[in-house]
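Working notes, structure below.
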Amino acid sequence: MIANAETTIDDTGKLNIKFVLDSLTGASANGAIAQDTIQTFSRPSGNGQYDIAAGTTPLDDTFRDTRAQLNISWSDLISPESDYTYTLGTNLSKEFDFQSIGFSAELARDFNQKNTTISGGFSAAAEEYNPKGAIPIGLTSMAIRDNFATEELFDTAFEATRGSSSETISSAEFLLGWTQVVNRSTLMQFNYGYADKSGYLTDPFKIVSVINNQGIAQDYIYESRPETRTQHSVFGMVKKHLDESVIDFSYRYTTDDWEIDSHTFDLHWHIFTDGGSFWEPHIRFYQQSAADFYSTYLVQGEDVPQFISADYRIGDMSSITLGLKYGFEVNEDQRAEVRLEYYRQTPKSVSSERVSGLDNLDLYPELDAIYLQVNYYF
């Protein structure tokens with residue numbers, strides 16, 4: 001559910017309040033690879049375990065979360081005759097095991113009879129993980145109840161893999177922007193962004209399979225990621241108004257010190273129809289390289305690296321989104337939009353497999369999703 005309210009004060013000031021409430025359920029890949037036999041894993045809290053069928057990607061079916069988020073922003077001219085506009089914002093987010101607070105500030109100036117706008121912005125956030133069962137220690141072996149004679153022995157082994165009860169992340173971002181009206185029908189925009197994160201950047205719910213030379217899992221270790229991440233991005237957009245439609249095309253390139261480089265191409269075609277309604281086809285293509293510490297698995301006997309993750313989200317992959325939106329007026333002051341999109345994500349192998357026995361297993365399964373969204377404005 002999303003609720004958004006906006007009001008104008010004294011002609012120039014604008015207050016925006018947005019509230020988001022999400023309820024999420026379903027299975028999430030835990031990072032281990034599929035096997036020819038049943039696999040057993042401990043739940044993140046240590047309370048219970050779950051089995052994964054042979055030949056199936058391991059998914060943790062305990063994923064359930066509710067997220068509440070509040071965003072508040074205020075923008076206004078510095079003075080009634082000023083060319084400068086400032087925007088101040090804050091956001092609060094709370095989940096079952098995660099919470100964050102942040103603020104942002106932006107200053108923009110218009111030039112050239114308001115045909116050119118240059119802006120600069122800054123944002124900062126503080127986040128905290130406090131998962132049930134505490135934070136796992138990176139690179140330690142998952143304790144599985146079936147491997148211990150008594151509950152007490154399991155509890156002792158499980159506690160040995162736990163560190164602190166919570167961990168924090170701090171982040172800061174800078175953004176420089178330039179928007180240019182080229183002519184009556186063309187608008188261009190260019191942005192440069194810099195982001196820096198530090199703290200606990202590991203995913204506490206992800207593990208890595210340790211396999212032997214026959215491809216059989218011998219152990220599962222908790223992943224470990226660097227405690228800092230620096231990211232640079234450039235963005236360009238062209239918006240063109242045609243006779244009865246508007247084409248919006250953008251490209252974004254992002255790179256970071258984890259060696260993840262990504263390219264995003266995004267195209268929207270807004271087509272006006274009679275009665276104030278419209279159709280909007282959408283196509284988006286995304287491609288990224290893998291983090292330098294990404295590995296689908298670890299082979300027994302190899303040196304254990306300081307950092308390792310099998311999380312497909314930081315692996316080599318591409319994705320495509322195909323969508324269509326329809327908007328229409330309900331009455332003079334109200335309108336509605338319906339958006340339907342199909343998403344396919346295709347992971348890729350980062351190198352040839354290092355052991356035999358994995359040829360009949362799908363180590364890089366594709367992900368398909370369908371999104372349906374309904375918006376109502378009043």
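How things are named: the first chain in the structure tokens is A, the next is B, and so on; residues count from 1 in each chain; ligands count from 1 in the order shown.
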Return as a tab-separated table the residues of segment 96-168 of chain A lying at most 12 Å from segment 52-64 of chain A, together with the closest atom-to-atom pair for each and the distance in Å to one decimal, counting only C-alpha atoms, with rows in chain order and ascending residue number.
```
residue	atom	partner	partner_atom	distance
A:Phe96	CA	A:Arg64	CA	8.7
A:Asp97	CA	A:Arg64	CA	10.6
A:Pro131	CA	A:Phe63	CA	12.0
```
Residue list (strand (DSSP E or B), DSSP) for segment 135-256 of chain A, as a PyMOL selection string
chain A and resi 136+141+162+167-183+186-199+207-211+217-222+224+228-241+245-256
Need to verify the contact set: His270 of chain A, 7 Å, only C-alpha atoms, exclusion of same-chain residues closer than 5 positions in sequence. Can you return it as a VMD selection string?
chain A and resid 245 to 247 278 to 280
Output file for the selection above: N, CA and C atoms, as a PDB file, in the first residue's frame:
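Wrote it out as part.pdb, contents follow:
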```pdb
ATOM      1  N   SER A 245       2.407  11.853 -28.486  1.00  0.00           N
ATOM      2  CA  SER A 245       3.079  10.952 -27.552  1.00  0.00           C
ATOM      3  C   SER A 245       4.360  11.599 -27.041  1.00  0.00           C
ATOM      4  N   VAL A 246       4.915  10.987 -26.002  1.00  0.00           N
ATOM      5  CA  VAL A 246       6.184  11.427 -25.425  1.00  0.00           C
ATOM      6  C   VAL A 246       7.080  10.203 -25.273  1.00  0.00           C
ATOM      7  N   ILE A 247       8.309  10.293 -25.795  1.00  0.00           N
ATOM      8  CA  ILE A 247       9.284   9.217 -25.660  1.00  0.00           C
ATOM      9  C   ILE A 247      10.321   9.630 -24.619  1.00  0.00           C
ATOM     10  N   PHE A 278      -4.315   7.273 -21.492  1.00  0.00           N
ATOM     11  CA  PHE A 278      -3.048   7.045 -22.179  1.00  0.00           C
ATOM     12  C   PHE A 278      -2.616   5.593 -22.032  1.00  0.00           C
ATOM     13  N   TRP A 279      -1.753   5.185 -22.969  1.00  0.00           N
ATOM     14  CA  TRP A 279      -1.052   3.892 -22.898  1.00  0.00           C
ATOM     15  C   TRP A 279       0.440   4.180 -22.791  1.00  0.00           C
ATOM     16  N   GLU A 280       1.155   3.348 -22.044  1.00  0.00           N
ATOM     17  CA  GLU A 280       2.589   3.564 -21.908  1.00  0.00           C
ATOM     18  C   GLU A 280       3.351   2.234 -21.947  1.00  0.00           C
TER      19      GLU A 280
END
```
Give the helix (DSSP H, G or I) residues of segment 91-296 of chain A, as DSSP finds them on the backbone, and put them as a list in words.
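Here is the list: Arg145, Asp146, Asn147, Glu151, Glu152, Leu153, Phe154, Asp155, Thr156, Ala157, Phe158, Glu159, Ala160, Asp274, Gly275 and Gly276 of chain A.
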Neighbour list for Gly276 of chain A as a PyMOL selection string, cut-off 10 Å, only C-alpha atoms, skip fewer than 2 positions in-chain:
chain A and resi 272-274+278+327-330+335
Can I get the selection written as an mmCIF file, in the first residue's frame, with N, CA and C atoms?
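Just written: again17.cif:
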```
data_model
loop_
_atom_site.group_PDB
_atom_site.id
_atom_site.type_symbol
_atom_site.label_atom_id
_atom_site.label_comp_id
_atom_site.auth_asym_id
_atom_site.auth_seq_id
_atom_site.Cartn_x
_atom_site.Cartn_y
_atom_site.Cartn_z
ATOM 1 N N PHE A 272 -0.854 9.374 -25.848
ATOM 2 C CA PHE A 272 -2.116 9.988 -25.447
ATOM 3 C C PHE A 272 -3.265 9.449 -26.305
ATOM 4 N N THR A 273 -4.401 9.245 -25.643
ATOM 5 C CA THR A 273 -5.610 8.823 -26.358
ATOM 6 C C THR A 273 -6.762 9.744 -25.950
ATOM 7 N N ASP A 274 -7.930 9.516 -26.525
ATOM 8 C CA ASP A 274 -9.079 10.381 -26.264
ATOM 9 C C ASP A 274 -9.556 10.261 -24.816
ATOM 10 N N PHE A 278 -4.315 7.273 -21.492
ATOM 11 C CA PHE A 278 -3.048 7.045 -22.179
ATOM 12 C C PHE A 278 -2.616 5.593 -22.032
ATOM 13 N N GLY A 327 -3.600 4.491 -18.186
ATOM 14 C CA GLY A 327 -4.112 5.494 -17.265
ATOM 15 C C GLY A 327 -5.370 6.135 -17.817
ATOM 16 N N PHE A 328 -6.273 6.500 -16.922
ATOM 17 C CA PHE A 328 -7.534 7.096 -17.366
ATOM 18 C C PHE A 328 -8.089 7.994 -16.261
ATOM 19 N N GLU A 329 -8.918 8.937 -16.674
ATOM 20 C CA GLU A 329 -9.581 9.843 -15.740
ATOM 21 C C GLU A 329 -10.864 9.207 -15.223
ATOM 22 N N VAL A 330 -11.015 9.221 -13.893
ATOM 23 C CA VAL A 330 -12.250 8.725 -13.289
ATOM 24 C C VAL A 330 -13.309 9.820 -13.320
ATOM 25 N N ARG A 335 -8.076 10.222 -11.015
ATOM 26 C CA ARG A 335 -7.625 9.377 -12.116
ATOM 27 C C ARG A 335 -7.014 8.092 -11.572
#
```
Which polymer residues have any atom within 6 Å of an atom of segment 295-307 of chain A, counting only C-alpha atoms, with same-chain residues fewer than 6 positions away left out, as a PyMOL selection string?
chain A and resi 208-212+224-225
May I have the selected residues written with N, CA and C atoms, as a PDB file, in the first residue's frame?
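Resulting contents of selection-v5.pdb:
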```
ATOM      1  N   VAL A 208      27.411 -20.048   1.589  1.00  0.00           N
ATOM      2  CA  VAL A 208      28.153 -20.537   0.420  1.00  0.00           C
ATOM      3  C   VAL A 208      28.388 -22.029   0.596  1.00  0.00           C
ATOM      4  N   SER A 209      28.144 -22.816  -0.444  1.00  0.00           N
ATOM      5  CA  SER A 209      28.407 -24.260  -0.397  1.00  0.00           C
ATOM      6  C   SER A 209      29.898 -24.538  -0.495  1.00  0.00           C
ATOM      7  N   VAL A 210      30.374 -25.467   0.323  1.00  0.00           N
ATOM      8  CA  VAL A 210      31.746 -25.982   0.214  1.00  0.00           C
ATOM      9  C   VAL A 210      31.628 -27.401  -0.314  1.00  0.00           C
ATOM     10  N   ILE A 211      32.136 -27.651  -1.529  1.00  0.00           N
ATOM     11  CA  ILE A 211      31.955 -28.945  -2.181  1.00  0.00           C
ATOM     12  C   ILE A 211      33.293 -29.649  -2.370  1.00  0.00           C
ATOM     13  N   ASN A 212      33.248 -30.993  -2.538  1.00  0.00           N
ATOM     14  CA  ASN A 212      34.462 -31.744  -2.825  1.00  0.00           C
ATOM     15  C   ASN A 212      34.690 -31.814  -4.335  1.00  0.00           C
ATOM     16  N   SER A 224      30.833 -13.519   3.637  1.00  0.00           N
ATOM     17  CA  SER A 224      31.553 -12.385   4.227  1.00  0.00           C
ATOM     18  C   SER A 224      31.837 -11.378   3.125  1.00  0.00           C
ATOM     19  N   ARG A 225      31.495 -10.105   3.368  1.00  0.00           N
ATOM     20  CA  ARG A 225      31.719  -9.043   2.378  1.00  0.00           C
ATOM     21  C   ARG A 225      32.573  -7.936   2.994  1.00  0.00           C
TER      22      ARG A 225
END
```
Kindly give the distance, in Å, that separates atom CA of Ile283 of chain A and atom CA of Val374 of chain A, rounded to a single decimal.
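Separation of atom CA of Ile283 of chain A and atom CA of Val374 of chain A: 18.8 Å.
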Pick from A:Arg162, A:Ile216, A:Ala125, A:Thr140, whichever lies nearest to Asp196 of chain A using only C-alpha atoms
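Closest residue, counting only C-alpha atoms: A:Ala125.
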If you count only C-alpha atoms, the residue of A:Leu153, A:Ile17, A:Val234, A:Ile2 closest to Gly193 of chain A turns out to be A:Val234
Long-range neighbours of Ser75 of chain A as a list in words, 8 Å cut-off, only C-alpha atoms, 4 positions minimum in chain
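My list of contacting residues is Gly13, Lys14, Leu15, Thr85, Tyr86, Thr87 and Leu88 of chain A.
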Hey, can you spit out that residue selection with N, CA and C atoms as a compact mmCIF listing (two decimals), in the first residue's frame?
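Produced file result-v3.txt, reproduced below:
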```txt
# COMPACT_ATOMS: atom_id res chain seq x y z
N GLY A 13 5.90 27.08 -1.92
CA GLY A 13 6.30 25.98 -1.05
C GLY A 13 5.50 24.73 -1.32
N LYS A 14 6.17 23.57 -1.27
CA LYS A 14 5.49 22.31 -1.55
C LYS A 14 5.87 21.29 -0.48
N LEU A 15 4.87 20.71 0.17
CA LEU A 15 5.06 19.68 1.18
C LEU A 15 4.56 18.35 0.64
N THR A 85 16.07 27.08 -5.69
CA THR A 85 15.06 26.26 -5.02
C THR A 85 15.77 25.25 -4.13
N TYR A 86 15.30 25.12 -2.91
CA TYR A 86 15.89 24.13 -2.01
C TYR A 86 14.86 23.06 -1.67
N THR A 87 15.35 21.88 -1.37
CA THR A 87 14.50 20.76 -0.96
C THR A 87 15.14 20.08 0.24
N LEU A 88 14.37 19.87 1.28
CA LEU A 88 14.82 19.16 2.47
C LEU A 88 13.92 17.95 2.68
```
Got a sec: who's within 10 Å of Arg313 of chain A, counting only C-alpha atoms, leaving out chain neighbours fewer than 4 positions off, as an mmCIF file with N, CA and C atoms, in the first residue's frame?
```
data_model
loop_
_atom_site.group_PDB
_atom_site.id
_atom_site.type_symbol
_atom_site.label_atom_id
_atom_site.label_comp_id
_atom_site.auth_asym_id
_atom_site.auth_seq_id
_atom_site.Cartn_x
_atom_site.Cartn_y
_atom_site.Cartn_z
ATOM 1 N N GLN A 288 24.975 -6.535 -15.531
ATOM 2 C CA GLN A 288 26.026 -6.222 -14.567
ATOM 3 C C GLN A 288 27.073 -7.324 -14.535
ATOM 4 N N ALA A 290 30.111 -9.372 -12.182
ATOM 5 C CA ALA A 290 30.125 -9.916 -10.829
ATOM 6 C C ALA A 290 31.108 -9.165 -9.940
ATOM 7 N N ALA A 291 30.820 -9.159 -8.639
ATOM 8 C CA ALA A 291 31.755 -8.622 -7.657
ATOM 9 C C ALA A 291 33.024 -9.466 -7.666
ATOM 10 N N TYR A 294 32.737 -12.594 -5.640
ATOM 11 C CA TYR A 294 31.611 -13.494 -5.895
ATOM 12 C C TYR A 294 32.130 -14.863 -6.344
ATOM 13 N N SER A 309 30.953 -14.457 -1.458
ATOM 14 C CA SER A 309 29.493 -14.459 -1.470
ATOM 15 C C SER A 309 29.013 -15.190 -2.712
ATOM 16 N N MET A 317 25.050 -11.061 -14.366
ATOM 17 C CA MET A 317 23.683 -11.349 -14.785
ATOM 18 C C MET A 317 23.162 -10.252 -15.698
ATOM 19 N N GLN A 345 15.210 -12.454 -15.118
ATOM 20 C CA GLN A 345 16.607 -12.265 -14.731
ATOM 21 C C GLN A 345 17.396 -13.508 -15.109
ATOM 22 N N PRO A 347 21.058 -15.142 -14.658
ATOM 23 C CA PRO A 347 22.428 -15.185 -14.131
ATOM 24 C C PRO A 347 23.349 -15.894 -15.116
#
```
Two-atom distance - atom CA of Thr156 of chain A, atom CA of Glu95 of chain A (Å):
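Atom CA of Thr156 of chain A sits 28.8 Å away from atom CA of Glu95 of chain A.
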Kindly provide the residues of segment 159-241 of chain A that approach segment 105-124 of chain A to within 12 Å, each paired with its closest atom pair and their distance in Å to one decimal, based on only C-alpha atoms, listed by chain and increasing number, as JSON lines.
```
{"residue": "A:Ile169", "atom": "CA", "partner": "A:Ala124", "partner_atom": "CA", "distance": 10.8}
{"residue": "A:Ser170", "atom": "CA", "partner": "A:Ala124", "partner_atom": "CA", "distance": 7.6}
{"residue": "A:Ser171", "atom": "CA", "partner": "A:Ala124", "partner_atom": "CA", "distance": 5.6}
{"residue": "A:Ala172", "atom": "CA", "partner": "A:Ala124", "partner_atom": "CA", "distance": 4.3}
{"residue": "A:Glu173", "atom": "CA", "partner": "A:Ser123", "partner_atom": "CA", "distance": 5.2}
{"residue": "A:Phe174", "atom": "CA", "partner": "A:Phe122", "partner_atom": "CA", "distance": 4.6}
{"residue": "A:Leu175", "atom": "CA", "partner": "A:Gly121", "partner_atom": "CA", "distance": 5.0}
{"residue": "A:Leu176", "atom": "CA", "partner": "A:Gly120", "partner_atom": "CA", "distance": 4.6}
{"residue": "A:Gly177", "atom": "CA", "partner": "A:Ser119", "partner_atom": "CA", "distance": 5.0}
{"residue": "A:Trp178", "atom": "CA", "partner": "A:Ile118", "partner_atom": "CA", "distance": 4.6}
{"residue": "A:Thr179", "atom": "CA", "partner": "A:Thr117", "partner_atom": "CA", "distance": 5.1}
{"residue": "A:Gln180", "atom": "CA", "partner": "A:Thr116", "partner_atom": "CA", "distance": 4.7}
{"residue": "A:Val181", "atom": "CA", "partner": "A:Asn115", "partner_atom": "CA", "distance": 5.0}
{"residue": "A:Val182", "atom": "CA", "partner": "A:Asn115", "partner_atom": "CA", "distance": 7.8}
{"residue": "A:Asn183", "atom": "CA", "partner": "A:Asn115", "partner_atom": "CA", "distance": 8.9}
{"residue": "A:Arg184", "atom": "CA", "partner": "A:Asn115", "partner_atom": "CA", "distance": 10.2}
{"residue": "A:Thr186", "atom": "CA", "partner": "A:Asn115", "partner_atom": "CA", "distance": 11.0}
{"residue": "A:Leu187", "atom": "CA", "partner": "A:Asn115", "partner_atom": "CA", "distance": 9.3}
{"residue": "A:Met188", "atom": "CA", "partner": "A:Thr116", "partner_atom": "CA", "distance": 9.8}
{"residue": "A:Gln189", "atom": "CA", "partner": "A:Thr117", "partner_atom": "CA", "distance": 9.3}
{"residue": "A:Phe190", "atom": "CA", "partner": "A:Ile118", "partner_atom": "CA", "distance": 9.8}
{"residue": "A:Asn191", "atom": "CA", "partner": "A:Ser119", "partner_atom": "CA", "distance": 9.2}
{"residue": "A:Tyr192", "atom": "CA", "partner": "A:Gly120", "partner_atom": "CA", "distance": 9.7}
{"residue": "A:Gly193", "atom": "CA", "partner": "A:Gly121", "partner_atom": "CA", "distance": 9.4}
{"residue": "A:Tyr194", "atom": "CA", "partner": "A:Phe122", "partner_atom": "CA", "distance": 9.6}
{"residue": "A:Ala195", "atom": "CA", "partner": "A:Ser123", "partner_atom": "CA", "distance": 9.3}
{"residue": "A:Asp196", "atom": "CA", "partner": "A:Ala124", "partner_atom": "CA", "distance": 9.6}
{"residue": "A:Lys197", "atom": "CA", "partner": "A:Ala124", "partner_atom": "CA", "distance": 9.7}
{"residue": "A:Ser198", "atom": "CA", "partner": "A:Ala124", "partner_atom": "CA", "distance": 11.8}
```
Output the selection as an mmCIF file, in the first residue's frame - C-alpha atoms for each residue.
```
data_model
loop_
_atom_site.group_PDB
_atom_site.id
_atom_site.type_symbol
_atom_site.label_atom_id
_atom_site.label_comp_id
_atom_site.auth_asym_id
_atom_site.auth_seq_id
_atom_site.Cartn_x
_atom_site.Cartn_y
_atom_site.Cartn_z
ATOM 1 C CA ILE A 169 25.604 0.693 8.286
ATOM 2 C CA SER A 170 26.266 4.345 7.546
ATOM 3 C CA SER A 171 25.991 5.832 4.063
ATOM 4 C CA ALA A 172 26.417 9.162 2.294
ATOM 5 C CA GLU A 173 25.540 10.141 -1.276
ATOM 6 C CA PHE A 174 26.264 13.184 -3.441
ATOM 7 C CA LEU A 175 24.480 14.078 -6.677
ATOM 8 C CA LEU A 176 25.199 16.728 -9.308
ATOM 9 C CA GLY A 177 22.604 17.369 -12.004
ATOM 10 C CA TRP A 178 22.080 19.402 -15.161
ATOM 11 C CA THR A 179 18.710 19.733 -16.899
ATOM 12 C CA GLN A 180 18.414 21.503 -20.243
ATOM 13 C CA VAL A 181 15.379 22.489 -22.300
ATOM 14 C CA VAL A 182 16.676 22.063 -25.856
ATOM 15 C CA ASN A 183 13.563 23.316 -27.643
ATOM 16 C CA ARG A 184 9.775 23.282 -27.267
ATOM 17 C CA THR A 186 12.979 18.201 -26.206
ATOM 18 C CA LEU A 187 14.367 17.966 -22.683
ATOM 19 C CA MET A 188 17.759 16.526 -21.653
ATOM 20 C CA GLN A 189 19.149 15.633 -18.244
ATOM 21 C CA PHE A 190 22.577 14.499 -17.003
ATOM 22 C CA ASN A 191 23.527 13.420 -13.473
ATOM 23 C CA TYR A 192 26.658 12.281 -11.683
ATOM 24 C CA GLY A 193 26.373 10.423 -8.393
ATOM 25 C CA TYR A 194 28.822 9.342 -5.719
ATOM 26 C CA ALA A 195 27.925 6.983 -2.863
ATOM 27 C CA ASP A 196 29.925 5.674 0.063
ATOM 28 C CA LYS A 197 28.826 2.961 2.501
ATOM 29 C CA SER A 198 30.591 1.533 5.526
#
```
Distance of atom CA of Ile135 of chain A from atom CA of Ser166 of chain A, expressed in Å to one decimal place:
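Interatomic distance, atom CA of Ser166 of chain A to atom CA of Ile135 of chain A: 6.3 Å.
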Give the answer as one residue: which of A:Asn375, A:Gln69, A:Ser100, A:Ser79 has the shortest atom-to-atom distance to Leu340 of chain A, using only C-alpha atoms?
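Nearest to Leu340 of chain A: A:Asn375.
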